[in-house]
$ cat work_13.txt   # compact mmCIF, C-alpha atoms
# COMPACT_ATOMS: atom_id res chain seq x y z
CA MET K 1 20.66 65.98 9.26
CA ILE K 2 22.86 66.09 6.18
CA ALA K 3 25.14 68.67 7.68
CA ALA K 4 27.31 70.11 4.94
CA SER K 5 28.97 69.53 1.61
CA ALA K 6 32.58 69.17 0.59
CA VAL K 7 34.06 68.98 -2.89
CA CYS K 8 36.08 66.01 -4.13
CA ASP K 9 37.39 65.91 -7.71
CA GLY K 10 34.59 68.20 -8.78
CA ASN K 11 31.81 66.10 -7.24
CA PRO K 12 30.02 67.56 -4.18
CA ILE K 13 29.99 65.03 -1.34
CA ASP K 14 27.40 65.31 1.43
CA ILE K 15 28.72 64.96 4.98
CA LEU K 16 26.31 62.72 6.89
CA ASP K 17 24.97 62.90 10.43
CA PRO K 18 25.32 59.43 12.05
CA ALA K 19 22.01 59.74 13.89
CA MET K 20 20.17 60.47 10.67
CA VAL K 21 21.98 57.63 8.89
CA HIS K 22 20.82 55.22 11.60
CA GLN K 23 17.27 56.50 11.34
CA GLY K 24 17.43 56.09 7.58
CA ARG K 25 18.63 52.51 7.90
CA GLU K 26 15.59 51.63 9.96
CA ILE K 27 13.35 53.29 7.37
CA PHE K 28 15.11 51.55 4.46
CA ARG K 29 14.90 48.13 6.08
CA TYR K 30 11.61 48.17 7.95
CA ASP K 31 9.31 51.09 7.05
CA THR K 32 6.32 50.30 4.83
CA PHE K 33 5.09 53.91 4.68
CA GLY K 34 1.64 52.51 5.43
CA ASN K 35 1.48 50.44 2.24
CA GLU K 36 -0.26 47.52 3.94
CA GLN K 37 -3.50 48.90 2.52
CA LEU K 38 -2.26 47.90 -0.96
CA TRP K 39 -0.49 44.62 -0.26
CA THR K 40 -3.06 43.35 2.24
CA GLU K 41 -6.41 44.92 1.48
CA THR K 42 -6.16 45.21 -2.31
CA LEU K 43 -3.69 42.58 -3.46
CA VAL K 44 -4.37 40.18 -0.53
CA LEU K 45 -0.89 38.72 -0.92
CA HIS K 46 -0.84 37.88 2.79
CA GLN K 47 -3.35 35.14 2.01
CA VAL K 48 -1.32 33.94 -0.96
CA ILE K 49 1.81 33.64 1.19
CA GLU K 50 -0.04 31.92 4.00
CA SER K 51 -1.63 29.33 1.72
CA SER K 52 0.92 28.57 -0.95
CA VAL K 53 4.36 30.20 -0.56
CA SER K 54 6.86 27.92 1.13
CA PRO K 55 10.37 29.10 1.94
CA ARG K 56 11.65 27.17 -1.04
CA THR K 57 9.13 28.91 -3.29
CA ALA K 58 9.96 32.29 -1.77
CA LEU K 59 13.65 31.81 -2.44
CA SER K 60 12.90 30.70 -6.01
CA VAL K 61 11.24 34.05 -6.79
CA GLY K 62 14.16 35.95 -5.31
CA LEU K 63 13.05 36.75 -1.75
CA LYS K 64 15.97 36.81 0.69
CA VAL K 65 16.31 35.73 4.32
CA ASP K 66 18.30 37.68 6.92
CA ALA K 67 20.28 34.96 8.68
CA GLU K 68 21.31 37.28 11.49
CA VAL K 69 17.83 37.24 13.02
CA LEU K 70 17.36 33.48 12.78
CA PRO K 71 17.74 31.32 15.90
CA PRO K 72 20.78 29.03 15.55
CA GLY K 73 20.05 25.81 13.68
CA ILE K 74 16.43 26.68 12.89
CA LEU K 75 16.78 25.95 9.19
CA ASP K 76 17.80 22.40 10.00
CA SER K 77 14.65 21.76 12.01
CA VAL K 78 11.85 23.31 9.96
CA ASP K 79 10.00 22.23 6.84
CA LEU K 80 11.17 24.44 3.98
CA ASP K 81 8.28 23.21 1.83
CA ASP K 82 5.59 24.36 4.27
CA PRO K 83 4.02 27.83 3.88
CA ALA K 84 3.62 27.88 7.66
CA THR K 85 7.40 28.15 7.89
CA THR K 86 7.30 31.23 5.67
CA VAL K 87 4.72 32.77 7.97
CA ALA K 88 6.99 32.06 10.93
CA LEU K 89 9.96 33.66 9.15
CA VAL K 90 7.88 36.75 8.37
CA GLY K 91 6.80 36.88 11.99
CA MET K 92 10.40 36.95 13.21
CA ASN K 93 11.23 39.72 10.67
CA ALA K 94 13.61 37.48 8.75
CA VAL K 95 12.34 37.98 5.19
CA VAL K 96 14.22 40.94 3.73
CA GLY K 97 11.89 43.72 2.63
CA ILE K 98 8.73 42.10 3.99
CA GLN K 99 6.92 43.38 7.07
CA GLY K 100 4.06 41.24 8.32
CA LEU K 101 1.81 40.95 11.33
CA VAL K 102 1.47 37.35 12.54
CA GLU K 103 -1.27 36.68 15.09
CA GLU K 104 -2.46 33.59 16.90
CA ILE K 105 -6.03 32.90 15.79
CA GLU K 106 -7.80 29.79 17.07
CA GLY K 107 -4.49 28.13 17.86
CA GLU K 108 -2.90 28.91 14.49
CA SER K 109 -0.28 31.47 13.48
CA ARG K 110 -1.96 33.62 10.85
CA LEU K 111 -0.44 36.30 8.63
CA THR K 112 -3.00 39.08 8.91
CA ARG K 113 -1.15 42.14 7.54
CA LEU K 114 1.57 42.52 4.93
CA GLY K 115 3.65 45.42 3.62
CA ILE K 116 6.95 45.90 1.79
CA THR K 117 10.01 48.10 2.29
CA CYS K 118 12.78 49.58 0.15
CA ALA K 119 14.96 46.59 1.02
CA LEU K 120 12.78 44.19 -0.94
CA CYS K 121 14.37 45.22 -4.25
CA HIS K 122 17.43 47.15 -3.09
CA SER K 123 19.07 44.68 -0.72
CA ASP K 124 20.69 41.30 -1.20
CA VAL K 125 22.31 38.83 1.19
CA ASP K 126 25.80 37.33 1.14
CA ASP K 127 24.56 33.70 0.81
CA SER K 128 26.73 32.77 3.80
CA VAL K 129 24.20 30.20 5.05
CA ALA K 130 22.69 29.06 1.76
CA PRO K 131 21.69 30.64 -1.57
CA GLY K 132 19.36 33.50 -0.68
CA ILE K 133 20.08 33.22 3.06
CA GLY K 134 22.79 35.28 4.75
CA LYS K 135 23.82 38.67 6.05
CA ARG K 136 22.10 41.73 4.56
CA LEU K 137 23.83 43.70 1.84
CA ASP K 138 21.87 46.94 1.83
CA GLY K 139 21.93 48.92 -1.39
CA TRP K 140 22.81 45.92 -3.56
CA PRO K 141 20.18 45.45 -6.27
CA ASN K 142 18.25 42.24 -5.88
CA ARG K 143 18.69 40.88 -9.38
CA ASP K 144 17.10 37.57 -8.34
CA ILE K 145 13.75 38.96 -7.29
CA ASN K 146 10.93 38.62 -9.79
CA PRO K 147 8.51 41.43 -8.86
CA GLY K 148 6.20 40.79 -11.80
CA LEU K 149 5.80 37.11 -10.97
CA ILE K 150 5.16 37.94 -7.31
CA LEU K 151 2.50 40.49 -8.27
CA SER K 152 0.94 38.01 -10.69
CA LEU K 153 0.02 35.79 -7.73
CA SER K 154 -2.48 38.37 -6.46
CA PRO K 155 -6.13 37.43 -6.95
CA ALA K 156 -6.73 41.09 -7.86
CA LEU K 157 -4.40 40.92 -10.88
CA GLN K 158 -5.69 37.89 -12.75
CA ASP K 159 -6.83 39.73 -15.91
CA PRO K 160 -5.09 37.96 -18.84
CA ASP K 161 -3.55 41.16 -20.22
CA THR K 162 -2.20 42.09 -16.79
CA GLN K 163 -0.83 38.59 -16.30
CA SER K 164 0.90 38.76 -19.67
CA VAL K 165 2.70 41.96 -18.67
CA LEU K 166 3.68 40.90 -15.16
CA THR K 167 5.02 37.50 -16.17
CA SER K 168 7.08 39.03 -18.98
CA TRP K 169 9.41 41.08 -16.77
CA GLY K 170 11.59 38.33 -15.35
CA PRO K 171 14.08 38.41 -12.45
CA GLY K 172 15.74 41.69 -11.55
CA LYS K 173 13.46 43.89 -13.65
CA TYR K 174 10.56 46.20 -12.88
CA ASP K 175 8.48 48.73 -14.81
CA ALA K 176 7.91 51.77 -12.61
CA TYR K 177 5.77 53.58 -15.22
CA TRP K 178 3.50 50.78 -16.43
CA ASN K 179 0.70 51.49 -13.95
CA HIS K 180 0.58 55.08 -15.28
CA ASP K 181 1.12 54.88 -19.03
CA GLY K 182 0.18 51.26 -19.79
CA LEU K 183 3.40 50.55 -21.71
CA ASN K 184 5.45 47.46 -20.94
CA ASN K 185 9.18 48.22 -20.91
CA PRO K 186 10.82 47.09 -17.65
CA ALA K 187 14.20 48.34 -16.47
CA VAL K 188 16.77 46.55 -14.35
CA ILE K 189 16.62 47.21 -10.62
CA PRO K 190 19.47 49.67 -9.91
CA PRO K 191 21.86 49.69 -6.95
CA ALA K 192 21.21 52.14 -4.12
CA TYR K 193 24.88 52.43 -3.16
CA GLY K 194 27.56 54.82 -4.41
CA LEU K 195 25.14 57.74 -4.81
CA ASN K 196 26.76 60.25 -2.46
CA GLY K 197 27.69 63.24 -4.57
CA VAL K 198 25.52 62.14 -7.52
CA HIS K 199 22.70 64.64 -7.86
CA ARG K 200 20.80 62.89 -10.64
CA THR K 201 20.28 59.41 -9.34
CA THR K 202 17.86 57.69 -11.72
CA PHE K 203 18.47 56.24 -15.18
CA THR K 204 16.67 59.23 -16.68
CA GLY K 205 18.09 61.84 -14.31
CA GLU K 206 14.95 63.38 -12.80
CA GLY K 207 17.00 64.76 -9.95
CA ASP K 208 17.76 64.20 -6.30
CA ILE K 209 17.22 60.72 -4.83
CA ARG K 210 14.38 62.11 -2.71
CA TYR K 211 12.29 62.54 -5.87
CA TRP K 212 12.62 58.89 -6.82
CA ASN K 213 12.19 57.64 -3.25
CA ALA K 214 8.92 59.56 -3.02
CA TYR K 215 7.77 58.43 -6.48
CA VAL K 216 8.43 54.76 -5.77
CA ALA K 217 7.20 54.77 -2.17
CA ILE K 218 3.87 56.36 -3.11
CA THR K 219 3.07 55.38 -6.69
CA GLN K 220 4.64 51.90 -6.74
CA MET K 221 4.83 50.57 -3.19
CA GLY K 222 1.45 52.02 -2.22
CA GLY K 223 2.78 54.13 0.64
CA GLN K 224 0.64 56.85 2.15
CA GLY K 225 2.16 60.15 1.07
CA ASN K 226 1.87 63.24 -1.08
CA PHE K 227 3.38 63.24 -4.56
CA ARG K 228 2.86 65.55 -7.50
CA ASP K 229 4.47 65.56 -10.92
CA ASP K 230 2.56 67.54 -13.54
CA ALA K 231 4.69 66.14 -16.36
CA LEU K 232 3.51 62.63 -15.49
CA GLY K 233 -0.01 63.71 -14.65
CA ILE K 234 0.27 62.51 -11.05
CA ASP K 235 -1.20 64.37 -8.07
CA ILE K 236 -1.66 62.19 -4.97
CA ARG K 237 -2.77 63.76 -1.69
CA VAL K 238 -3.41 62.09 1.66
CA GLU K 239 -4.23 63.38 5.12
CA ASP K 240 -1.45 61.49 6.91
CA ASP K 241 1.74 61.77 4.84
CA GLN K 242 4.00 58.93 6.00
CA VAL K 243 6.58 59.39 3.25
CA THR K 244 7.73 63.02 3.02
CA PRO K 245 8.95 63.32 6.67
CA ARG K 246 11.17 60.26 6.14
CA LEU K 247 12.84 61.26 2.87
CA ALA K 248 15.80 63.17 4.36
CA ALA K 249 16.86 60.32 6.65
CA LEU K 250 16.33 57.74 3.91
CA LYS K 251 18.58 59.75 1.61
CA ALA K 252 21.24 60.01 4.33
CA TYR K 253 21.33 56.22 4.72
CA GLN K 254 21.47 55.61 0.98
CA PHE K 255 24.30 58.15 0.72
CA SER K 256 26.17 56.27 3.46
CA LEU K 257 26.26 53.07 1.39
CA ASP K 258 29.64 52.75 -0.28
CA PRO K 259 29.99 50.70 -3.46
CA PRO K 260 31.47 47.25 -2.85
CA ARG K 261 35.11 46.64 -3.66
CA PRO K 262 35.83 44.01 -6.31
CA PRO K 263 36.58 40.58 -4.85
CA ARG K 264 40.21 39.57 -4.56
CA GLY K 265 41.37 37.85 -7.71
CA SER K 266 38.39 38.98 -9.78
CA PHE K 267 40.45 40.99 -12.25
CA ASP K 268 43.95 41.15 -13.71
CA PRO K 269 45.62 44.26 -12.17
CA VAL K 270 48.24 44.54 -14.90
CA ALA K 271 45.63 44.40 -17.66
CA ALA K 272 43.45 46.80 -15.65
CA GLY K 273 46.32 49.29 -15.60
CA ARG K 274 46.49 49.15 -19.37
CA GLY K 275 42.70 49.39 -19.48
CA LYS K 276 42.77 52.61 -17.47
CA SER K 277 44.80 54.18 -20.24
CA ILE K 278 42.25 52.98 -22.79
CA PHE K 279 39.43 54.33 -20.58
CA GLU K 280 41.04 57.76 -20.50
CA GLY K 281 42.25 57.69 -24.08
CA ALA K 282 41.18 55.67 -27.10
CA GLY K 283 37.98 54.43 -25.44
CA ARG K 284 36.83 58.01 -24.76
CA CYS K 285 34.99 56.73 -21.66
CA VAL K 286 36.23 59.57 -19.48
CA SER K 287 34.37 62.09 -21.61
CA CYS K 288 31.23 61.08 -19.69
CA HIS K 289 32.41 58.87 -16.81
CA THR K 290 34.15 61.65 -14.88
CA GLY K 291 35.15 62.38 -11.29
CA THR K 292 35.25 60.05 -8.31
CA ALA K 293 31.85 58.57 -9.10
CA PHE K 294 32.67 58.20 -12.81
CA THR K 295 29.63 60.17 -13.99
CA ASP K 296 28.87 63.59 -15.42
CA ALA K 297 25.28 63.38 -14.19
CA ASN K 298 25.67 66.46 -12.02
CA SER K 299 26.24 68.67 -15.04
CA ARG K 300 24.36 67.13 -17.97
CA LEU K 301 22.17 64.38 -19.37
CA HIS K 302 22.43 62.66 -22.75
CA ASP K 303 20.04 62.03 -25.60
CA PRO K 304 19.45 58.31 -26.27
CA SER K 305 21.11 58.71 -29.66
CA ALA K 306 24.36 59.67 -27.94
CA VAL K 307 24.68 56.27 -26.28
CA GLY K 308 22.84 54.04 -28.75
CA THR K 309 20.55 52.34 -26.25
CA ASP K 310 16.80 51.79 -26.39
CA PRO K 311 15.13 55.23 -26.11
CA THR K 312 11.80 53.94 -24.76
CA LEU K 313 12.46 54.53 -21.06
CA ALA K 314 13.75 58.04 -21.72
CA SER K 315 10.65 58.85 -23.76
CA ARG K 316 8.42 57.83 -20.84
CA SER K 317 10.31 59.96 -18.32
CA THR K 318 10.15 63.66 -17.54
CA THR K 319 13.60 64.38 -19.04
CA GLY K 320 13.62 62.44 -22.30
CA GLN K 321 17.30 61.69 -21.67
CA TYR K 322 19.64 59.34 -19.83
CA ARG K 323 22.26 60.07 -17.22
CA THR K 324 25.73 58.55 -17.27
CA THR K 325 25.80 55.58 -14.91
CA PRO K 326 28.27 55.79 -11.98
CA LEU K 327 30.80 52.98 -12.30
CA ARG K 328 32.01 52.33 -8.75
CA GLY K 329 30.90 48.79 -7.85
CA ALA K 330 29.58 48.13 -11.35
CA TRP K 331 31.26 44.69 -11.28
CA GLN K 332 28.53 43.64 -8.85
CA HIS K 333 25.36 44.32 -10.83
CA PRO K 334 25.17 42.82 -14.31
CA PRO K 335 23.31 42.99 -16.65
CA TYR K 336 24.15 46.49 -17.84
CA PHE K 337 22.38 49.45 -19.43
CA HIS K 338 18.98 50.47 -18.09
CA ASP K 339 17.26 47.62 -19.91
CA GLY K 340 19.81 44.93 -19.13
CA SER K 341 20.63 44.55 -22.82
CA ALA K 342 24.33 43.93 -22.10
CA ALA K 343 24.90 40.81 -20.04
CA THR K 344 28.60 41.45 -19.38
CA PHE K 345 31.23 44.18 -19.48
CA ASP K 346 32.48 42.58 -22.69
CA GLU K 347 29.14 43.34 -24.31
CA VAL K 348 29.16 46.91 -22.96
CA VAL K 349 32.60 47.57 -24.44
CA ALA K 350 31.68 45.91 -27.74
CA HIS K 351 28.54 48.07 -27.97
CA TYR K 352 30.40 51.36 -27.55
CA ASP K 353 33.29 50.24 -29.74
CA LEU K 354 30.85 49.61 -32.59
CA TYR K 355 28.39 52.44 -31.96
CA LEU K 356 31.01 55.15 -31.49
CA GLY K 357 33.36 53.75 -34.12
CA LEU K 358 36.26 53.57 -31.67
CA GLY K 359 38.21 50.94 -33.60
CA LEU K 360 39.60 49.23 -30.50
CA THR K 361 41.62 46.06 -30.92
CA ALA K 362 40.58 42.82 -29.21
CA ASP K 363 43.41 43.29 -26.68
CA GLN K 364 42.32 46.87 -25.94
CA ARG K 365 38.73 45.77 -25.37
CA ALA K 366 39.90 42.99 -23.04
CA ASP K 367 42.09 45.39 -21.04
CA LEU K 368 39.24 47.89 -20.78
CA VAL K 369 36.98 45.16 -19.38
CA GLU K 370 39.58 44.35 -16.71
CA TYR K 371 39.67 48.01 -15.70
CA LEU K 372 35.89 48.15 -15.38
CA LYS K 373 36.03 45.06 -13.17
CA SER K 374 38.50 46.86 -10.90
CA LEU K 375 36.32 49.91 -10.14

$ encode --input "work_13.txt" --output "structure tokens"
Amino acid sequence: MIAASAVCDGNPIDILDPAMVHQGREIFRYDTFGNEQLWTETLVLHQVIESSVSPRTALSVGLKVDAEVLPPGILDSVDLDDPATTVALVGMNAVVGIQGLVEEIEGESRLTRLGITCALCHSDVDDSVAPGIGKRLDGWPNRDINPGLILSLSPALQDPDTQSVLTSWGPGKYDAYWNHDGLNNPAVIPPAYGLNGVHRTTFTGEGDIRYWNAYVAITQMGGQGNFRDDALGIDIRVEDDQVTPRLAALKAYQFSLDPPRPPRGSFDPVAAGRGKSIFEGAGRCVSCHTGTAFTDANSRLHDPSAVGTDPTLASRSTTGQYRTTPLRGAWQHPPYFHDGSAATFDEVVAHYDLYLGLGLTADQRADLVEYLKSL
């Protein structure tokens, strides 16, 4: 269980039970919540993979391979252009975020069931073997994965209008409201690390991470669970709820994921020191990016006009507002803002300098960027 809370610099920090964290890791990495009924029976993507998705193709659309479960030297001895190799990788549980049942049928290995897990979009790998192949990095947003393109391969989604939407999203983006409101406005896939002590964990601040885990698991991943939100007009009920009993452990694991430290040599420490002063002074960043997590999300949300970013996502949510993004580990996940409209920290700083009329000099902006890289 999540046993207790402490207070650190004004931000409550949950103290985690190791047993629950371990249970949550297994859920995060391997639990489909029974969503095979969507990915297999409705979208029939198991057949698409089996017939036409080679490992090279899978890597090109952002799927990742967990090198730690691969037999030594296997990648040197298999055909990376053969879909049968992909089926074999799924069968050995090596494709991050994909759970599949591979059975021998008439002398052939056949992929007969397919489901997805949280790790599909919220884990990366360290590329230690090859690009897209390495050790898991749980909680890192997969900014290479192209969910829309993957979905567009389904025979059930070949309507031209649907295809136009799905193929427009691009890598690292997903629209979690489109299947409800019909609008097309994808957001970047967020990290799942650095959330301990942050009580509003989505871009639009609906609340505790359990809300969003349930929403995504049931309404997006196709998991079998109960979810109701009157503001969104959603009321899903099932007899066998495979989501709700897992939410506490899943939260515990996500809360255990610390943000990654910046790589050695990735920023100028002297300039970052000057940038810290800008952050706390002329840049006015600390007015919202407060506490150890660098966010005021526990106490308030902000109207889109306060930050000058596209208001569309906020207008589709239940809050109509945005939360302040936590900054620990932000060096790792460009592009920035909920819609990815800022490709770099330089663009983030330039946006606020102009929108808020800060009047920063070029040197001040550069120093502030170095500080952001250091967090």

$ residues_around --input "work_13.txt" --residues "K:Thr167" --least-positions-apart "6" --cutoff "7 Å" --atoms "all atoms listed in the file" --output "VMD selection string"
chain K and resid 148 to 149 152

$ residues_around --input "work_13.txt" --residues "K:Arg261" --least-positions-apart "6" --cutoff "10 Å" --atoms "all atoms listed in the file" --output "PDB file with C-alpha atoms, in the coordinates of the input"
ATOM      1  CA  ARG K 328      32.010  52.330  -8.750  1.00  0.00           C
ATOM      2  CA  GLY K 329      30.900  48.790  -7.850  1.00  0.00           C
ATOM      3  CA  ALA K 330      29.580  48.130 -11.350  1.00  0.00           C
ATOM      4  CA  TRP K 331      31.260  44.690 -11.280  1.00  0.00           C
ATOM      5  CA  GLN K 332      28.530  43.640  -8.850  1.00  0.00           C
ATOM      6  CA  LYS K 373      36.030  45.060 -13.170  1.00  0.00           C
ATOM      7  CA  SER K 374      38.500  46.860 -10.900  1.00  0.00           C
ATOM      8  CA  LEU K 375      36.320  49.910 -10.140  1.00  0.00           C
TER       9      LEU K 375
END

$ atom_distance --input "work_13.txt" --atom1 "atom CA of K:Thr204" --atom2 "atom CA of K:Val61"
27.6 Å

$ residues_around --input "work_13.txt" --residues "K:Ala67" --least-positions-apart "2" --cutoff "7 Å" --atoms "all atoms listed in the file" --output "list in words"
Val65, Val69, Leu70, Ile133, Gly134 and Lys135 of chain K

$ closest_residue --input "work_13.txt" --among "K:Trp140, K:Trp212, K:Phe255, K:Tyr371" --to "K:Asp268" --atoms "all atoms listed in the file"
K:Tyr371

$ closest_residue --input "work_13.txt" --among "K:Val53, K:Ala231, K:Val21, K:Val95" --to "K:Arg246" --atoms "all atoms listed in the file"
K:Val21

$ residues_around --input "work_13.txt" --residues "stretch 282-293 of chain K" --least-positions-apart "5" --cutoff "10 Å" --atoms "only C-alpha atoms" --output "MDAnalysis selection string"
chainID K and resid 8:11 194:198 259 275:277 300:302 323:329 349 352:353 356:360 364:365 368 375

$ residues_near_point --input "work_13.txt" --point "(21.7, 55.3, 5.9)" --cutoff "6 Å" --atoms "all atoms listed in the file" --output "ChimeraX atom specification"
/K:21-22,24-25,252-254,256

$ closest_residue --input "work_13.txt" --among "K:Val129, K:Asn298, K:Phe345, K:Leu257" --to "K:Leu16" --atoms "all atoms listed in the file"
K:Leu257

$ closest_residue --input "work_13.txt" --among "K:Val125, K:Leu153, K:Leu101, K:Val270" --to "K:Gly62" --atoms "only C-alpha atoms"
K:Val125

$ atom_distance --input "work_13.txt" --atom1 "atom CA of K:Arg274" --atom2 "atom CA of K:Phe337"
24.1 Å

$ residues_around --input "work_13.txt" --residues "K:Asp82" --least-positions-apart "6" --cutoff "10 Å" --atoms "only C-alpha atoms" --output "list in words"
Glu50, Ser51, Ser52, Val53, Ser54, Pro55, Arg56 and Thr57 of chain K

$ closest_residue --input "work_13.txt" --among "K:Thr202, K:Thr162, K:Thr86, K:Asn185" --to "K:Tyr215" --atoms "all atoms listed in the file"
K:Thr202

$ closest_residue --input "work_13.txt" --among "K:Leu75, K:Ile145, K:Ile218, K:Leu45" --to "K:Leu157" --atoms "all atoms listed in the file"
K:Leu45

$ atom_distance --input "work_13.txt" --atom1 "atom CA of K:Cys121" --atom2 "atom CA of K:Ala192"
9.7 Å

$ residues_near_point --input "work_13.txt" --point "(0.1, 34.2, 7.8)" --cutoff "9 Å" --atoms "only C-alpha atoms" --output "PDB file with C-alpha atoms, keeping the file's coordinate frame"
ATOM      1  CA  HIS K  46      -0.840  37.880   2.790  1.00  0.00           C
ATOM      2  CA  GLN K  47      -3.350  35.140   2.010  1.00  0.00           C
ATOM      3  CA  VAL K  48      -1.320  33.940  -0.960  1.00  0.00           C
ATOM      4  CA  ILE K  49       1.810  33.640   1.190  1.00  0.00           C
ATOM      5  CA  GLU K  50      -0.040  31.920   4.000  1.00  0.00           C
ATOM      6  CA  SER K  51      -1.630  29.330   1.720  1.00  0.00           C
ATOM      7  CA  PRO K  83       4.020  27.830   3.880  1.00  0.00           C
ATOM      8  CA  ALA K  84       3.620  27.880   7.660  1.00  0.00           C
ATOM      9  CA  THR K  86       7.300  31.230   5.670  1.00  0.00           C
ATOM     10  CA  VAL K  87       4.720  32.770   7.970  1.00  0.00           C
ATOM     11  CA  ALA K  88       6.990  32.060  10.930  1.00  0.00           C
ATOM     12  CA  VAL K  90       7.880  36.750   8.370  1.00  0.00           C
ATOM     13  CA  GLY K  91       6.800  36.880  11.990  1.00  0.00           C
ATOM     14  CA  GLY K 100       4.060  41.240   8.320  1.00  0.00           C
ATOM     15  CA  LEU K 101       1.810  40.950  11.330  1.00  0.00           C
ATOM     16  CA  VAL K 102       1.470  37.350  12.540  1.00  0.00           C
ATOM     17  CA  GLU K 103      -1.270  36.680  15.090  1.00  0.00           C
ATOM     18  CA  SER K 109      -0.280  31.470  13.480  1.00  0.00           C
ATOM     19  CA  ARG K 110      -1.960  33.620  10.850  1.00  0.00           C
ATOM     20  CA  LEU K 111      -0.440  36.300   8.630  1.00  0.00           C
ATOM     21  CA  THR K 112      -3.000  39.080   8.910  1.00  0.00           C
ATOM     22  CA  ARG K 113      -1.150  42.140   7.540  1.00  0.00           C
ATOM     23  CA  LEU K 114       1.570  42.520   4.930  1.00  0.00           C
TER      24      LEU K 114
END

$ closest_atom_pairs --input "work_13.txt" --of "stretch 170-195 of chain K" --to "stretch 310-321 of chain K" --cutoff "12 Å" --atoms "only C-alpha atoms" --output "Markdown table"
| residue | atom | partner | partner_atom | distance |
| --- | --- | --- | --- | --- |
| K:Tyr174 | CA | K:Leu313 | CA | 11.8 |
| K:Asp175 | CA | K:Leu313 | CA | 9.4 |
| K:Ala176 | CA | K:Leu313 | CA | 10.0 |
| K:Tyr177 | CA | K:Arg316 | CA | 7.5 |
| K:Trp178 | CA | K:Arg316 | CA | 9.7 |
| K:His180 | CA | K:Arg316 | CA | 10.0 |
| K:Asp181 | CA | K:Arg316 | CA | 8.1 |
| K:Gly182 | CA | K:Arg316 | CA | 10.6 |
| K:Leu183 | CA | K:Arg316 | CA | 8.9 |
| K:Asn184 | CA | K:Thr312 | CA | 9.8 |
| K:Asn185 | CA | K:Leu313 | CA | 7.1 |
| K:Pro186 | CA | K:Leu313 | CA | 8.3 |
| K:Ala187 | CA | K:Leu313 | CA | 7.9 |
| K:Val188 | CA | K:Leu313 | CA | 11.3 |

$ write_last_selection --input "work_13.txt" --atoms "C-alpha atoms" --output "PDB file, keeping the file's coordinate frame"
ATOM      1  CA  TYR K 174      10.560  46.200 -12.880  1.00  0.00           C
ATOM      2  CA  ASP K 175       8.480  48.730 -14.810  1.00  0.00           C
ATOM      3  CA  ALA K 176       7.910  51.770 -12.610  1.00  0.00           C
ATOM      4  CA  TYR K 177       5.770  53.580 -15.220  1.00  0.00           C
ATOM      5  CA  TRP K 178       3.500  50.780 -16.430  1.00  0.00           C
ATOM      6  CA  HIS K 180       0.580  55.080 -15.280  1.00  0.00           C
ATOM      7  CA  ASP K 181       1.120  54.880 -19.030  1.00  0.00           C
ATOM      8  CA  GLY K 182       0.180  51.260 -19.790  1.00  0.00           C
ATOM      9  CA  LEU K 183       3.400  50.550 -21.710  1.00  0.00           C
ATOM     10  CA  ASN K 184       5.450  47.460 -20.940  1.00  0.00           C
ATOM     11  CA  ASN K 185       9.180  48.220 -20.910  1.00  0.00           C
ATOM     12  CA  PRO K 186      10.820  47.090 -17.650  1.00  0.00           C
ATOM     13  CA  ALA K 187      14.200  48.340 -16.470  1.00  0.00           C
ATOM     14  CA  VAL K 188      16.770  46.550 -14.350  1.00  0.00           C
TER      15      VAL K 188
END

$ build_atoms --input "work_13.txt" --residues "stretch 245-254 of chain K" --atoms "N, CA and C atoms" --output "CSV table (one decimal), in the frame of the given file"
chain,number,residue,atom,x,y,z
K,245,PRO,N,8.1,63.1,5.5
K,245,PRO,CA,9.0,63.3,6.7
K,245,PRO,C,10.1,62.4,6.8
K,246,ARG,N,10.1,61.3,6.0
K,246,ARG,CA,11.2,60.3,6.1
K,246,ARG,C,12.2,60.4,5.0
K,247,LEU,N,12.0,61.2,4.1
K,247,LEU,CA,12.8,61.3,2.9
K,247,LEU,C,14.3,61.7,3.2
K,248,ALA,N,14.5,62.7,4.1
K,248,ALA,CA,15.8,63.2,4.4
K,248,ALA,C,16.7,62.1,5.0
K,249,ALA,N,16.1,61.4,6.0
K,249,ALA,CA,16.9,60.3,6.6
K,249,ALA,C,17.1,59.2,5.7
K,250,LEU,N,16.1,58.8,4.9
K,250,LEU,CA,16.3,57.7,3.9
K,250,LEU,C,17.5,58.1,2.9
K,251,LYS,N,17.5,59.3,2.5
K,251,LYS,CA,18.6,59.8,1.6
K,251,LYS,C,19.9,59.6,2.3
K,252,ALA,N,20.0,60.1,3.6
K,252,ALA,CA,21.2,60.0,4.3
K,252,ALA,C,21.8,58.6,4.4
K,253,TYR,N,20.9,57.6,4.7
K,253,TYR,CA,21.3,56.2,4.7
K,253,TYR,C,21.8,55.7,3.4
K,254,GLN,N,21.1,56.0,2.3
K,254,GLN,CA,21.5,55.6,1.0
K,254,GLN,C,22.8,56.2,0.6
